[in-house]
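Next comes model34.cif, with mmCIF, C-alpha atoms.
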```
data_my_file
#
loop_
_atom_site.group_PDB
_atom_site.id
_atom_site.type_symbol
_atom_site.label_atom_id
_atom_site.label_comp_id
_atom_site.auth_asym_id
_atom_site.auth_seq_id
_atom_site.Cartn_x
_atom_site.Cartn_y
_atom_site.Cartn_z
ATOM 1 C CA MET A 65 48.273 -73.352 26.077
ATOM 2 C CA GLN A 66 49.209 -73.718 29.737
ATOM 3 C CA GLU A 67 47.103 -76.345 31.473
ATOM 4 C CA LYS A 68 46.871 -74.188 34.599
ATOM 5 C CA THR A 69 44.458 -71.910 32.745
ATOM 6 C CA ARG A 70 41.947 -74.742 32.458
ATOM 7 C CA GLY A 71 40.311 -74.509 35.860
ATOM 8 C CA ALA A 72 36.680 -74.955 36.758
ATOM 9 C CA ASN A 73 35.899 -71.410 35.629
ATOM 10 C CA TYR A 74 37.684 -71.711 32.285
ATOM 11 C CA SER A 75 35.129 -70.904 29.565
ATOM 12 C CA VAL A 76 34.894 -70.611 25.812
ATOM 13 C CA ARG A 77 35.302 -66.844 26.266
ATOM 14 C CA ASP A 78 38.665 -67.473 27.957
ATOM 15 C CA GLU A 79 39.622 -69.797 25.128
ATOM 16 C CA ILE A 80 38.688 -67.200 22.505
ATOM 17 C CA ARG A 81 40.807 -64.553 24.260
ATOM 18 C CA GLU A 82 43.802 -66.877 24.499
ATOM 19 C CA PHE A 83 43.449 -68.011 20.896
ATOM 20 C CA TRP A 84 43.576 -64.447 19.543
ATOM 21 C CA SER A 85 46.319 -63.448 21.977
ATOM 22 C CA GLU A 86 48.477 -66.245 20.610
ATOM 23 C CA ARG A 87 47.732 -65.113 17.059
ATOM 24 C CA ALA A 88 48.684 -61.489 17.783
ATOM 25 C CA GLU A 89 52.362 -61.814 16.860
ATOM 26 C CA ARG A 90 51.646 -62.748 13.229
ATOM 27 C CA PHE A 91 48.090 -61.412 12.896
ATOM 28 C CA ASP A 92 48.999 -58.642 10.438
ATOM 29 C CA GLU A 93 50.771 -61.100 8.126
ATOM 30 C CA PHE A 94 47.532 -62.860 7.149
ATOM 31 C CA PRO A 95 45.900 -61.615 3.917
ATOM 32 C CA GLY A 96 42.738 -59.717 4.725
ATOM 33 C CA HIS A 97 43.938 -58.578 8.155
ATOM 34 C CA GLU A 98 46.337 -55.659 7.735
ATOM 35 C CA ILE A 99 45.798 -53.321 4.780
ATOM 36 C CA SER A 100 47.867 -54.521 1.813
ATOM 37 C CA GLY A 101 48.336 -51.174 0.040
ATOM 38 C CA GLU A 102 46.734 -47.959 -1.089
ATOM 39 C CA ARG A 103 44.259 -49.740 -3.338
ATOM 40 C CA GLU A 104 42.791 -51.672 -0.423
ATOM 41 C CA ARG A 105 43.022 -48.667 1.893
ATOM 42 C CA SER A 106 40.997 -46.567 -0.554
ATOM 43 C CA ALA A 107 38.388 -49.330 -0.859
ATOM 44 C CA TRP A 108 37.959 -49.466 2.921
ATOM 45 C CA HIS A 109 37.760 -45.679 3.137
ATOM 46 C CA ALA A 110 35.004 -45.665 0.522
ATOM 47 C CA LEU A 111 33.037 -48.360 2.383
ATOM 48 C CA ILE A 112 33.300 -46.547 5.716
ATOM 49 C CA GLN A 113 32.366 -43.181 4.253
ATOM 50 C CA ARG A 114 29.414 -44.711 2.402
ATOM 51 C CA HIS A 115 27.854 -45.753 5.698
ATOM 52 C CA LEU A 116 29.297 -43.420 8.320
ATOM 53 C CA GLY A 117 30.226 -40.280 6.421
ATOM 54 C CA PRO A 118 33.323 -38.164 7.138
ATOM 55 C CA GLY A 119 34.811 -38.170 10.604
ATOM 56 C CA ALA A 120 34.880 -34.404 11.200
ATOM 57 C CA GLY A 121 36.090 -34.979 14.748
ATOM 58 C CA ARG A 122 33.262 -37.331 15.706
ATOM 59 C CA SER A 123 33.969 -40.062 18.274
ATOM 60 C CA ALA A 124 34.371 -43.655 17.060
ATOM 61 C CA LEU A 125 34.642 -46.930 18.963
ATOM 62 C CA ASP A 126 36.526 -49.777 17.256
ATOM 63 C CA LEU A 127 35.163 -52.906 18.935
ATOM 64 C CA ALA A 128 37.636 -55.811 19.204
ATOM 65 C CA SER A 129 40.230 -53.571 17.585
ATOM 66 C CA GLY A 130 43.001 -56.173 17.452
ATOM 67 C CA THR A 131 46.195 -54.597 16.128
ATOM 68 C CA GLY A 132 44.322 -51.410 15.214
ATOM 69 C CA VAL A 133 43.736 -51.889 11.493
ATOM 70 C CA VAL A 134 40.212 -50.428 11.452
ATOM 71 C CA SER A 135 41.184 -47.821 14.049
ATOM 72 C CA HIS A 136 43.756 -46.436 11.624
ATOM 73 C CA LEU A 137 41.231 -46.359 8.779
ATOM 74 C CA LEU A 138 38.848 -44.346 10.958
ATOM 75 C CA ASP A 139 41.681 -42.062 12.083
ATOM 76 C CA ASP A 140 42.569 -41.461 8.422
ATOM 77 C CA LEU A 141 39.036 -40.139 7.903
ATOM 78 C CA GLY A 142 39.108 -37.695 10.803
ATOM 79 C CA TYR A 143 37.403 -39.648 13.589
ATOM 80 C CA ARG A 144 38.523 -39.472 17.232
ATOM 81 C CA VAL A 145 39.132 -43.168 17.745
ATOM 82 C CA THR A 146 39.118 -45.451 20.761
ATOM 83 C CA GLY A 147 40.100 -49.073 20.161
ATOM 84 C CA LEU A 148 38.786 -51.669 22.590
ATOM 85 C CA ASP A 149 40.197 -55.194 22.828
ATOM 86 C CA TRP A 150 40.515 -57.807 25.576
ATOM 87 C CA SER A 151 43.824 -59.213 24.317
ATOM 88 C CA GLU A 152 46.878 -57.478 25.757
ATOM 89 C CA PRO A 153 49.223 -58.870 23.073
ATOM 90 C CA MET A 154 46.952 -57.398 20.397
ATOM 91 C CA LEU A 155 46.867 -54.054 22.190
ATOM 92 C CA GLU A 156 50.652 -53.990 22.566
ATOM 93 C CA ARG A 157 50.985 -54.213 18.801
ATOM 94 C CA ALA A 158 48.200 -51.699 18.229
ATOM 95 C CA ARG A 159 49.866 -49.119 20.474
ATOM 96 C CA ALA A 160 53.290 -49.697 18.920
ATOM 97 C CA LYS A 161 51.846 -49.320 15.426
ATOM 98 C CA ALA A 162 50.042 -46.090 16.356
ATOM 99 C CA ALA A 163 53.197 -44.664 17.953
ATOM 100 C CA ALA A 164 55.286 -45.534 14.884
ATOM 101 C CA ARG A 165 52.765 -43.792 12.622
ATOM 102 C CA GLY A 166 52.337 -40.782 14.880
ATOM 103 C CA ARG A 167 48.645 -41.444 15.546
ATOM 104 C CA THR A 168 46.715 -40.287 18.634
ATOM 105 C CA ILE A 169 44.393 -43.293 18.788
ATOM 106 C CA VAL A 170 43.494 -44.459 22.304
ATOM 107 C CA PHE A 171 43.691 -48.221 22.873
ATOM 108 C CA ARG A 172 42.469 -49.833 26.065
ATOM 109 C CA VAL A 173 41.561 -53.218 27.477
ATOM 110 C CA GLY A 174 37.873 -54.034 27.315
ATOM 111 C CA ASP A 175 35.425 -56.762 26.407
ATOM 112 C CA ALA A 176 33.442 -55.858 23.296
ATOM 113 C CA GLU A 177 30.485 -57.870 24.589
ATOM 114 C CA ARG A 178 30.546 -56.329 28.076
ATOM 115 C CA SER A 179 32.298 -52.988 27.768
ATOM 116 C CA SER A 180 32.645 -50.514 30.623
ATOM 117 C CA GLU A 181 32.139 -47.565 28.276
ATOM 118 C CA ALA A 182 29.693 -44.866 29.395
ATOM 119 C CA ASP A 183 26.143 -44.665 28.076
ATOM 120 C CA SER A 184 25.675 -42.676 24.844
ATOM 121 C CA SER A 185 29.394 -41.882 24.540
ATOM 122 C CA TYR A 186 30.164 -42.525 20.843
ATOM 123 C CA ASP A 187 28.891 -41.195 17.547
ATOM 124 C CA VAL A 188 29.809 -44.362 15.650
ATOM 125 C CA ALA A 189 30.932 -47.899 16.452
ATOM 126 C CA VAL A 190 32.604 -50.316 14.047
ATOM 127 C CA THR A 191 33.317 -54.049 14.166
ATOM 128 C CA ARG A 192 35.225 -56.145 11.648
ATOM 129 C CA HIS A 193 35.057 -59.944 11.790
ATOM 130 C CA LEU A 194 33.829 -59.949 15.383
ATOM 131 C CA VAL A 195 30.158 -60.929 15.179
ATOM 132 C CA TRP A 196 30.856 -64.502 14.058
ATOM 133 C CA THR A 197 32.802 -65.109 17.323
ATOM 134 C CA LEU A 198 30.115 -63.821 19.715
ATOM 135 C CA ILE A 199 28.739 -66.102 22.422
ATOM 136 C CA ASP A 200 25.604 -63.989 22.960
ATOM 137 C CA PRO A 201 25.139 -61.596 20.025
ATOM 138 C CA ALA A 202 21.760 -60.337 21.256
ATOM 139 C CA ALA A 203 23.347 -59.108 24.494
ATOM 140 C CA ALA A 204 26.357 -57.692 22.611
ATOM 141 C CA PHE A 205 24.104 -55.743 20.244
ATOM 142 C CA ARG A 206 22.183 -54.255 23.174
ATOM 143 C CA GLU A 207 25.531 -53.250 24.674
ATOM 144 C CA TRP A 208 26.595 -51.532 21.444
ATOM 145 C CA LEU A 209 23.256 -49.746 21.292
ATOM 146 C CA ARG A 210 23.838 -48.501 24.851
ATOM 147 C CA VAL A 211 27.237 -46.913 24.169
ATOM 148 C CA LEU A 212 26.065 -45.103 21.014
ATOM 149 C CA ARG A 213 24.575 -41.641 21.214
ATOM 150 C CA PRO A 214 20.972 -41.235 20.008
ATOM 151 C CA GLY A 215 21.182 -41.159 16.217
ATOM 152 C CA GLY A 216 24.580 -42.887 16.341
ATOM 153 C CA THR A 217 25.544 -45.488 13.757
ATOM 154 C CA LEU A 218 26.940 -49.008 14.008
ATOM 155 C CA LEU A 219 28.861 -50.539 11.099
ATOM 156 C CA VAL A 220 29.362 -54.315 11.153
ATOM 157 C CA VAL A 221 31.712 -55.902 8.596
ATOM 158 C CA ASP A 222 31.550 -59.675 8.772
ATOM 159 C CA GLY A 223 30.755 -62.862 6.888
ATOM 160 C CA ASP A 224 29.828 -66.509 6.907
ATOM 161 C CA PHE A 225 33.200 -68.179 7.417
ATOM 162 C CA VAL A 226 31.677 -71.643 7.853
ATOM 163 C CA GLY A 227 29.332 -72.341 4.970
ATOM 164 C CA THR A 228 30.787 -72.590 1.484
ATOM 165 C CA GLY A 229 28.894 -72.208 -1.741
ATOM 166 C CA ARG A 230 29.283 -74.364 -4.850
ATOM 167 C CA THR A 231 31.647 -71.872 -6.514
ATOM 168 C CA GLU A 232 33.949 -71.745 -3.497
ATOM 169 C CA ARG A 233 34.026 -75.554 -3.237
ATOM 170 C CA ILE A 234 34.987 -75.861 -6.910
ATOM 171 C CA LEU A 235 37.735 -73.256 -6.496
ATOM 172 C CA ALA A 236 39.060 -75.085 -3.431
ATOM 173 C CA ARG A 237 39.373 -78.287 -5.467
ATOM 174 C CA LEU A 238 41.138 -76.405 -8.259
ATOM 175 C CA ASP A 239 43.526 -74.854 -5.751
ATOM 176 C CA ALA A 240 44.337 -78.289 -4.303
ATOM 177 C CA ALA A 241 44.932 -79.686 -7.788
ATOM 178 C CA ALA A 242 47.205 -76.776 -8.702
ATOM 179 C CA ARG A 243 49.283 -77.356 -5.603
ATOM 180 C CA ARG A 244 49.659 -81.062 -6.420
ATOM 181 C CA LEU A 245 50.967 -80.040 -9.838
ATOM 182 C CA GLY A 246 53.469 -77.695 -8.252
ATOM 183 C CA TRP A 247 51.737 -74.398 -9.084
ATOM 184 C CA ARG A 248 51.795 -72.682 -5.707
ATOM 185 C CA GLY A 249 51.711 -68.991 -6.610
ATOM 186 C CA HIS A 250 51.532 -66.704 -3.571
ATOM 187 C CA GLU A 251 52.065 -68.724 -0.412
ATOM 188 C CA PRO A 252 50.055 -67.103 2.395
ATOM 189 C CA VAL A 253 50.712 -67.455 6.088
ATOM 190 C CA GLY A 254 48.646 -70.306 7.496
ATOM 191 C CA LEU A 255 47.591 -71.679 10.858
ATOM 192 C CA SER A 256 49.272 -74.745 12.262
ATOM 193 C CA GLU A 257 47.187 -77.903 12.478
ATOM 194 C CA ALA A 258 46.970 -77.469 16.263
ATOM 195 C CA MET A 259 45.669 -73.916 15.905
ATOM 196 C CA GLN A 260 43.189 -75.041 13.253
ATOM 197 C CA ARG A 261 41.824 -77.658 15.678
ATOM 198 C CA ARG A 262 41.437 -75.018 18.374
ATOM 199 C CA HIS A 263 39.696 -72.721 15.909
ATOM 200 C CA ARG A 264 37.220 -75.465 14.977
ATOM 201 C CA ALA A 265 36.594 -76.269 18.644
ATOM 202 C CA ILE A 266 35.813 -72.628 19.409
ATOM 203 C CA LEU A 267 33.632 -72.235 16.343
ATOM 204 C CA ALA A 268 31.495 -75.210 17.380
ATOM 205 C CA ARG A 269 30.493 -73.385 20.581
ATOM 206 C CA VAL A 270 29.750 -69.821 19.451
ATOM 207 C CA HIS A 271 26.249 -68.617 18.574
ATOM 208 C CA PHE A 272 26.871 -68.556 14.812
ATOM 209 C CA SER A 273 28.474 -72.003 14.739
ATOM 210 C CA THR A 274 26.856 -72.727 11.359
ATOM 211 C CA GLY A 275 27.820 -69.346 9.911
ATOM 212 C CA ALA A 276 26.914 -65.698 10.507
ATOM 213 C CA ARG A 277 24.475 -64.996 7.684
ATOM 214 C CA ALA A 278 23.631 -61.363 7.024
ATOM 215 C CA ASP A 279 19.875 -61.750 7.422
ATOM 216 C CA ALA A 280 20.263 -63.409 10.841
ATOM 217 C CA VAL A 281 22.617 -60.682 12.066
ATOM 218 C CA ALA A 282 20.303 -57.952 10.756
ATOM 219 C CA ARG A 283 17.318 -59.526 12.499
ATOM 220 C CA LEU A 284 19.129 -59.612 15.851
ATOM 221 C CA LEU A 285 20.175 -55.986 15.428
ATOM 222 C CA ARG A 286 16.556 -54.962 14.898
ATOM 223 C CA GLU A 287 15.458 -56.986 17.912
ATOM 224 C CA ALA A 288 18.139 -55.239 20.012
ATOM 225 C CA GLY A 289 16.564 -51.879 19.180
ATOM 226 C CA PHE A 290 18.499 -50.670 16.133
ATOM 227 C CA ARG A 291 16.603 -49.068 13.273
ATOM 228 C CA ASP A 292 17.290 -48.400 9.572
ATOM 229 C CA VAL A 293 19.250 -51.662 9.340
ATOM 230 C CA VAL A 294 20.780 -51.962 5.861
ATOM 231 C CA VAL A 295 22.766 -54.927 4.478
ATOM 232 C CA ASP A 296 25.450 -54.017 1.935
ATOM 233 C CA ARG A 297 27.104 -56.746 -0.156
ATOM 234 C CA ARG A 298 29.082 -54.266 -2.291
ATOM 235 C CA LEU A 299 32.513 -55.157 -0.923
ATOM 236 C CA GLY A 300 33.984 -56.066 -4.295
ATOM 237 C CA ALA A 301 36.647 -53.345 -4.296
ATOM 238 C CA VAL A 302 37.975 -54.535 -0.938
ATOM 239 C CA HIS A 303 37.948 -58.174 -1.999
ATOM 240 C CA ARG A 304 39.702 -57.534 -5.316
ATOM 241 C CA ALA A 305 42.496 -55.696 -3.517
ATOM 242 C CA GLN A 306 42.840 -58.520 -0.980
ATOM 243 C CA ALA A 307 42.755 -61.186 -3.683
ATOM 244 C CA ALA A 308 45.924 -59.739 -5.195
ATOM 245 C CA GLN A 309 47.783 -60.930 -2.061
ATOM 246 C CA MET A 310 46.380 -64.478 -2.184
ATOM 247 C CA PRO A 311 46.944 -67.627 -4.249
ATOM 248 C CA PHE A 312 45.000 -67.355 -7.516
ATOM 249 C CA PHE A 313 42.067 -69.648 -6.725
ATOM 250 C CA LYS A 314 41.795 -68.456 -3.116
ATOM 251 C CA GLY A 315 41.621 -64.916 -4.440
ATOM 252 C CA LEU A 316 38.761 -65.870 -6.726
ATOM 253 C CA ALA A 317 37.030 -67.603 -3.818
ATOM 254 C CA ARG A 318 37.255 -64.464 -1.703
ATOM 255 C CA ARG A 319 34.969 -62.705 -4.171
ATOM 256 C CA SER A 320 32.340 -65.464 -4.011
ATOM 257 C CA GLN A 321 32.058 -65.706 -0.219
ATOM 258 C CA HIS A 322 29.092 -64.486 1.845
ATOM 259 C CA ARG A 323 30.674 -61.310 3.206
ATOM 260 C CA TYR A 324 28.850 -58.103 3.961
ATOM 261 C CA ALA A 325 28.588 -54.796 5.798
ATOM 262 C CA ILE A 326 25.548 -53.903 7.887
ATOM 263 C CA ARG A 327 24.696 -50.363 8.906
ATOM 264 C CA ALA A 328 22.312 -49.880 11.848
ATOM 265 C CA VAL A 329 21.198 -46.711 13.609
ATOM 266 C CA LYS A 330 20.275 -46.022 17.239
ATOM 267 C CA PRO A 331 16.914 -44.231 17.346
ATOM 268 C CA ALA A 332 17.273 -40.509 18.012
#
```
Go ahead and express the file in the form of structure tokens.
Amino acid sequence: MQEKTRGANYSVRDEIREFWSERAERFDEFPGHEISGERERSAWHALIQRHLGPGAGRSALDLASGTGVVSHLLDDLGYRVTGLDWSEPMLERARAKAAARGRTIVFRVGDAERSSEADSSYDVAVTRHLVWTLIDPAAAFREWLRVLRPGGTLLVVDGDFVGTGRTERILARLDAAARRLGWRGHEPVGLSEAMQRRHRAILARVHFSTGARADAVARLLREAGFRDVVVDRRLGAVHRAQAAQMPFFKGLARRSQHRYAIRAVKPA
């Protein structure tokens, strides 16, 4: 990171944007980011359709779209998709990917927490692994409510990436032991120690610094004005497909983590 960026006005939001911009080049190589194959793609399609229904030309906003993974899933299902992200390097890759695949997805620069989108302009909005990074989730949720049309639906896919349960801790110890014995299996892309330190420093300052639990997120959504808030923990098909691309014990851990989808509706 260039020191000149650390002026008096440099904030954790600036640090978050820079962190993800620096990760853009290899973002799709990490298991659980880009879709690994048709099995995982079908699992995501089923999850989206379960909560949002078919696209049928309806407008969809992909908040913090990154390299466009979720945007492409929505486009597959017939939505008219706009991807919004504040990282130019992410958007460069998203646009290149869409062009290579012949997609008509619109990608533009924008802050998911403070978008400049018009009131009541989208039928659905989707976020994946964004909520846990929010500085002010209550304000962000009110913003997402604003851009949805009356009766529009928000789908949040997220998880607690801080707290670990007993099963996950046991599997982590088994994974470490297996590596000491030379059984490495799949070797996933990993963050450097420097990037891990930056990640921990950012995490300590976001709202959900102790983990984004589903009940806490659902409560804030209701307080923001959403109705019919439903928590869905049935992500097993997605996790099994992702686990196939991970080391054995990490794949098992993926299935035990506190991950979820939340559907919430803007009152008509």
Given the file shown, enumerate the residues that the PyMOL selection byres ((chain A and resi 104) around 9) captures and present them as a list in words.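 Listing what the PyMOL selection byres ((chain A and resi 104) around 9) selects in the shown file: Ile99, Ser100, Gly101, Glu102, Arg103, Arg105, Ser106, Ala107, Trp108, His109, Ala301, Val302, His303, Arg304, Ala305 and Gln306 of chain A.
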I need the output of the PyMOL selection byres ((chain A and resi 273) around 12) for this file as a list in words; which residues are they?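 Checked against the file, the PyMOL selection byres ((chain A and resi 273) around 12) matches Val195, Trp196, Thr197, Leu198, Ile199, Asp200, Asp224, Phe225, Val226, Gly227, His263, Arg264, Ala265, Ile266, Leu267, Ala268, Arg269, Val270, His271, Phe272, Thr274, Gly275, Ala276 and Arg277 of chain A.
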Which one is closest to Ala160 (chain A): A:Pro95, A:Pro201, A:Gly132, A:Arg262? Count all atoms listed in the file. A:Gly132
Using the chain letters and residue numbers of this document, give as a PDB file with C-alpha atoms, in the frame of the given file the residues selected by the PyMOL selection byres ((chain A and resi 127) around 9).
```
ATOM      1  CA  LEU A 125      34.642 -46.930  18.963  1.00  0.00           C
ATOM      2  CA  ASP A 126      36.526 -49.777  17.256  1.00  0.00           C
ATOM      3  CA  ALA A 128      37.636 -55.811  19.204  1.00  0.00           C
ATOM      4  CA  SER A 129      40.230 -53.571  17.585  1.00  0.00           C
ATOM      5  CA  GLY A 130      43.001 -56.173  17.452  1.00  0.00           C
ATOM      6  CA  THR A 146      39.118 -45.451  20.761  1.00  0.00           C
ATOM      7  CA  GLY A 147      40.100 -49.073  20.161  1.00  0.00           C
ATOM      8  CA  LEU A 148      38.786 -51.669  22.590  1.00  0.00           C
ATOM      9  CA  ASP A 149      40.197 -55.194  22.828  1.00  0.00           C
ATOM     10  CA  GLY A 174      37.873 -54.034  27.315  1.00  0.00           C
ATOM     11  CA  ASP A 175      35.425 -56.762  26.407  1.00  0.00           C
ATOM     12  CA  ALA A 176      33.442 -55.858  23.296  1.00  0.00           C
ATOM     13  CA  GLU A 177      30.485 -57.870  24.589  1.00  0.00           C
ATOM     14  CA  ALA A 189      30.932 -47.899  16.452  1.00  0.00           C
ATOM     15  CA  VAL A 190      32.604 -50.316  14.047  1.00  0.00           C
ATOM     16  CA  THR A 191      33.317 -54.049  14.166  1.00  0.00           C
ATOM     17  CA  ARG A 192      35.225 -56.145  11.648  1.00  0.00           C
ATOM     18  CA  LEU A 194      33.829 -59.949  15.383  1.00  0.00           C
TER      19      LEU A 194
END
```
Using all atoms listed in the file, which residues sit within 8 Å of Ala162 (chain A) once same-chain residues fewer than 6 positions away are excluded, as a CSV table (one decimal) with C-alpha atoms, in the coordinates of the input?
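So the final result, stored in around-v7.csv, reads:
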```csv
chain,number,residue,atom,x,y,z
A,132,GLY,CA,44.3,-51.4,15.2
A,136,HIS,CA,43.8,-46.4,11.6
A,168,THR,CA,46.7,-40.3,18.6
A,169,ILE,CA,44.4,-43.3,18.8
```
Which residue gives the smallest distance to Val329 (chain A) among A:Thr228, A:Ser180, A:Thr217, A:Gln260, with only C-alpha atoms counted?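 The answer is A:Thr217, which sits nearest to Val329 (chain A).
Considering the residues A:Arg87, A:Phe312, A:Gln113, A:Gln321 and counting all atoms listed in the file, Ser256 (chain A) has its shortest atom-to-atom contact with A:Arg87.
Neighbours of Ala88 (chain A) closer than or equal to 12 Å, with all atoms listed in the file counted and sequence neighbours fewer than 3 positions away skipped, come out as Arg81, Glu82, Phe83, Trp84, Ser85, Phe91, Asp92, Glu93, Phe94, His97, Glu98, Ser129, Gly130, Thr131, Gly132, Asp149, Trp150, Ser151, Glu152, Pro153, Met154, Leu155, Glu156, Arg157 and Ala158 of chain A.
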For a test of reading the model, state the distance in Å between CA of Gly96 (chain A) and CA of Leu111 (chain A), rounded to one decimal.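 According to the coordinates, CA of Gly96 (chain A) and CA of Leu111 (chain A) are separated by 15.1 Å.
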Starting from the incomplete input, reconstruct N, CA, C and O atoms of region 98-117 of chain A and write that as an mmCIF file, in the frame of the given file.
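Now in selection33.cif:
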```cif
data_model
loop_
_atom_site.group_PDB
_atom_site.id
_atom_site.type_symbol
_atom_site.label_atom_id
_atom_site.label_comp_id
_atom_site.auth_asym_id
_atom_site.auth_seq_id
_atom_site.Cartn_x
_atom_site.Cartn_y
_atom_site.Cartn_z
ATOM 1 N N GLU A 98 45.787 -56.997 7.927
ATOM 2 C CA GLU A 98 46.337 -55.659 7.735
ATOM 3 C C GLU A 98 46.048 -55.187 6.308
ATOM 4 O O GLU A 98 45.813 -56.002 5.415
ATOM 5 N N ILE A 99 46.057 -53.882 6.102
ATOM 6 C CA ILE A 99 45.798 -53.321 4.780
ATOM 7 C C ILE A 99 47.012 -53.565 3.890
ATOM 8 O O ILE A 99 48.153 -53.291 4.273
ATOM 9 N N SER A 100 46.771 -54.073 2.683
ATOM 10 C CA SER A 100 47.867 -54.521 1.813
ATOM 11 C C SER A 100 48.471 -53.400 0.974
ATOM 12 O O SER A 100 49.539 -53.568 0.417
ATOM 13 N N GLY A 101 47.813 -52.258 0.856
ATOM 14 C CA GLY A 101 48.336 -51.174 0.040
ATOM 15 C C GLY A 101 47.285 -50.095 -0.151
ATOM 16 O O GLY A 101 46.180 -50.177 0.389
ATOM 17 N N GLU A 102 47.632 -49.095 -0.933
ATOM 18 C CA GLU A 102 46.734 -47.959 -1.089
ATOM 19 C C GLU A 102 45.428 -48.334 -1.791
ATOM 20 O O GLU A 102 44.389 -47.739 -1.528
ATOM 21 N N ARG A 103 45.490 -49.317 -2.662
ATOM 22 C CA ARG A 103 44.259 -49.740 -3.338
ATOM 23 C C ARG A 103 43.247 -50.272 -2.330
ATOM 24 O O ARG A 103 42.067 -49.902 -2.354
ATOM 25 N N GLU A 104 43.712 -51.139 -1.429
ATOM 26 C CA GLU A 104 42.791 -51.672 -0.423
ATOM 27 C C GLU A 104 42.391 -50.592 0.575
ATOM 28 O O GLU A 104 41.224 -50.513 0.985
ATOM 29 N N ARG A 105 43.339 -49.732 0.946
ATOM 30 C CA ARG A 105 43.022 -48.667 1.893
ATOM 31 C C ARG A 105 41.911 -47.772 1.340
ATOM 32 O O ARG A 105 40.954 -47.420 2.037
ATOM 33 N N SER A 106 42.017 -47.418 0.065
ATOM 34 C CA SER A 106 40.997 -46.567 -0.554
ATOM 35 C C SER A 106 39.639 -47.257 -0.593
ATOM 36 O O SER A 106 38.599 -46.614 -0.407
ATOM 37 N N ALA A 107 39.652 -48.580 -0.824
ATOM 38 C CA ALA A 107 38.388 -49.330 -0.859
ATOM 39 C C ALA A 107 37.723 -49.330 0.507
ATOM 40 O O ALA A 107 36.499 -49.170 0.624
ATOM 41 N N TRP A 108 38.516 -49.503 1.565
ATOM 42 C CA TRP A 108 37.959 -49.466 2.921
ATOM 43 C C TRP A 108 37.449 -48.066 3.255
ATOM 44 O O TRP A 108 36.383 -47.908 3.860
ATOM 45 N N HIS A 109 38.210 -47.051 2.885
ATOM 46 C CA HIS A 109 37.760 -45.679 3.137
ATOM 47 C C HIS A 109 36.405 -45.421 2.479
ATOM 48 O O HIS A 109 35.509 -44.819 3.089
ATOM 49 N N ALA A 110 36.259 -45.881 1.250
ATOM 50 C CA ALA A 110 35.004 -45.665 0.522
ATOM 51 C C ALA A 110 33.848 -46.376 1.219
ATOM 52 O O ALA A 110 32.739 -45.828 1.332
ATOM 53 N N LEU A 111 34.085 -47.607 1.691
ATOM 54 C CA LEU A 111 33.037 -48.360 2.383
ATOM 55 C C LEU A 111 32.621 -47.650 3.672
ATOM 56 O O LEU A 111 31.422 -47.491 3.954
ATOM 57 N N ILE A 112 33.601 -47.222 4.450
ATOM 58 C CA ILE A 112 33.300 -46.547 5.716
ATOM 59 C C ILE A 112 32.554 -45.246 5.472
ATOM 60 O O ILE A 112 31.540 -44.955 6.133
ATOM 61 N N GLN A 113 33.019 -44.461 4.516
ATOM 62 C CA GLN A 113 32.366 -43.181 4.253
ATOM 63 C C GLN A 113 30.957 -43.365 3.698
ATOM 64 O O GLN A 113 30.077 -42.545 3.963
ATOM 65 N N ARG A 114 30.743 -44.442 2.949
ATOM 66 C CA ARG A 114 29.414 -44.711 2.402
ATOM 67 C C ARG A 114 28.384 -44.879 3.513
ATOM 68 O O ARG A 114 27.227 -44.462 3.358
ATOM 69 N N HIS A 115 28.800 -45.455 4.626
ATOM 70 C CA HIS A 115 27.854 -45.753 5.698
ATOM 71 C C HIS A 115 27.950 -44.823 6.902
ATOM 72 O O HIS A 115 26.961 -44.641 7.618
ATOM 73 N N LEU A 116 29.113 -44.259 7.138
ATOM 74 C CA LEU A 116 29.297 -43.420 8.320
ATOM 75 C C LEU A 116 29.532 -41.956 8.007
ATOM 76 O O LEU A 116 29.415 -41.108 8.899
ATOM 77 N N GLY A 117 29.917 -41.654 6.774
ATOM 78 C CA GLY A 117 30.226 -40.280 6.421
ATOM 79 C C GLY A 117 31.615 -39.877 6.913
ATOM 80 O O GLY A 117 32.350 -40.681 7.497
#
```
